[in-house]
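One structure is given here, and the rest of the page talks about it.
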Amino acid sequence: MPRSRRDQELPHLPLHLVLVLATLTTVYPILWVISLAFSGKQSLAIADVPANPTVLDRLRAITPWPEHWTAVNFVSVMTDQPFGRWLLNSAIVSLLTTVLGVFLSCTAAYAFSRFKFPGRRVGMMGFLVSQMFPGTLMLIPLYIIIVQLLGLGSTRLGLIVVYGTTSIPFSVWMLKGYFDTIPKELEEAAVIEGASAGTIFWRIILPLAKPAVAITALFSFMTAWNEFIAATFMDKEEMYTAPVGLRFFVGGFSQQWGYFAAGSIIVSIPVVVLFLYLQKYLVSGLTAGSVKG
């Protein structure tokens with residue numbers, strides 16, 4: 001006899017319970033950040049617990065739901081704090097890093113994909129090896145080069161150079177894999193028609209590589225927007241980026257968790273918007289370069 005719908009769903013019940021638990025575990029910290037931001041308070045306790053709390057009081061203390069919803073933390077962090085200036089610094093550095101990173105990554109990846117030259121294999125292996133070490137190992141050499149040799153400490157240009165340096169190796173590897181999937185016959189046909197190398201690259205290759213270029217742009221932007229390494233190269237408060245400025249809300253002398261949560265939400269908005277805008281390119285951009293068809 002055919003099994004009923006209820007009997008068919010029962011074997012999947014444990015899996016569903018595990019998935020629900022995993023989802024709640026993932027969402028719970030995010031809900032706490034949102035609750036702290038809209039609580040109007042600067043402490044981690046969003047509910048007042050009596051001296052002899054009951055089970056319900058304890059449950060209320062760990063429930064991410066403020067007693068009163070207010071946007072005062074968002075208003076204060078943008079008016080009473082120099083957070084707007086820090087956001088502007090992050091926006092300028094991130095956008096210019098994205099432009100620089102995408103341009104250099106595309107041209108370098110195309111050269112590695114199509115041309116044969118001395119040092120080609122060594123160069124690609126150098127890019128790969130550089131990704132095996134944590135970014136903190138580069139702090140001292142980058143500080144010597146950027147601050148002591150070039151004199152670009154506490155400048156946006158210095159951060160653009162640093163962030164571009166950290167994002168380009170991975171971007172070149174990803175773009176090269178994508179360029180390898182584009183048939184060379186297209187370029188050969190363009191050469192027969194009299195197209196130059198620059199015309200082929202800009203008008204044929206790049207339009208076909210839009211998904212990979214979009215992912216490269218997203219990666220470069222996120223690297224610059226979320227990076228905390230700027231604290232090493234900045235000693236002027238007005239030149240801080242948003243991630244660096246957030247640390248001053250929670251430190252040894254202040255515990256402004258409400259400002260910290262509100263600032264964290266504001267910082268995450270541009271990345272979320274950019275991710276949603278580029279999501280149609282994500283799957284094709286990440287997978288097309290992984291295999292050769």
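Following the order of the structure tokens, first chain is A, next is B, and so on, with residues numbered from 1 inside each chain and ligands from 1 in the order they appear.
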
Restrict the calculation to only C-alpha atoms, then for each residue of segment 202-267 of chain A with any atom at most 9 Å from an atom of segment 179-198 of chain A give the closest atom pair and their distance in Å to one decimal, rows by chain and rising residue number, as CSV.
residue,atom,partner,partner_atom,distance
A:Trp202,CA,A:Gly198,CA,6.1
A:Arg203,CA,A:Gly198,CA,8.2
A:Ile204,CA,A:Glu187,CA,7.9
A:Ile205,CA,A:Ile182,CA,7.8
A:Leu208,CA,A:Ile182,CA,7.8
A:Ala209,CA,A:Phe179,CA,7.2
A:Ala212,CA,A:Phe179,CA,8.9

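Near Trp257 of chain A, within 8 Å and counting only C-alpha atoms, sit A:Leu36, A:Ala37, A:Lys41, A:Gln42, A:Ser43, A:Leu44, A:Phe249, A:Val250, not including residues fewer than 6 positions from it in the same chain.
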
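Distances here use only C-alpha atoms; by that measure, the residue among A:Leu128, A:Val55, A:Leu278, A:Ala71 closest to Lys210 of chain A is A:Leu278.
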
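Atom CA of Ser90 of chain A is positioned 12.8 Å from atom CA of Met234 of chain A.
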
Open item on the list: as an NGL selection string, please: the residues near Lys236 of chain A (cut-off 8 Å, only C-alpha atoms, same-chain neighbours under 3 positions excluded).
Closed with: :A and (154 or 239-240)

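From atom CA of Asn89 of chain A back to atom CA of Phe74 of chain A, the distance works out to 18.7 Å.
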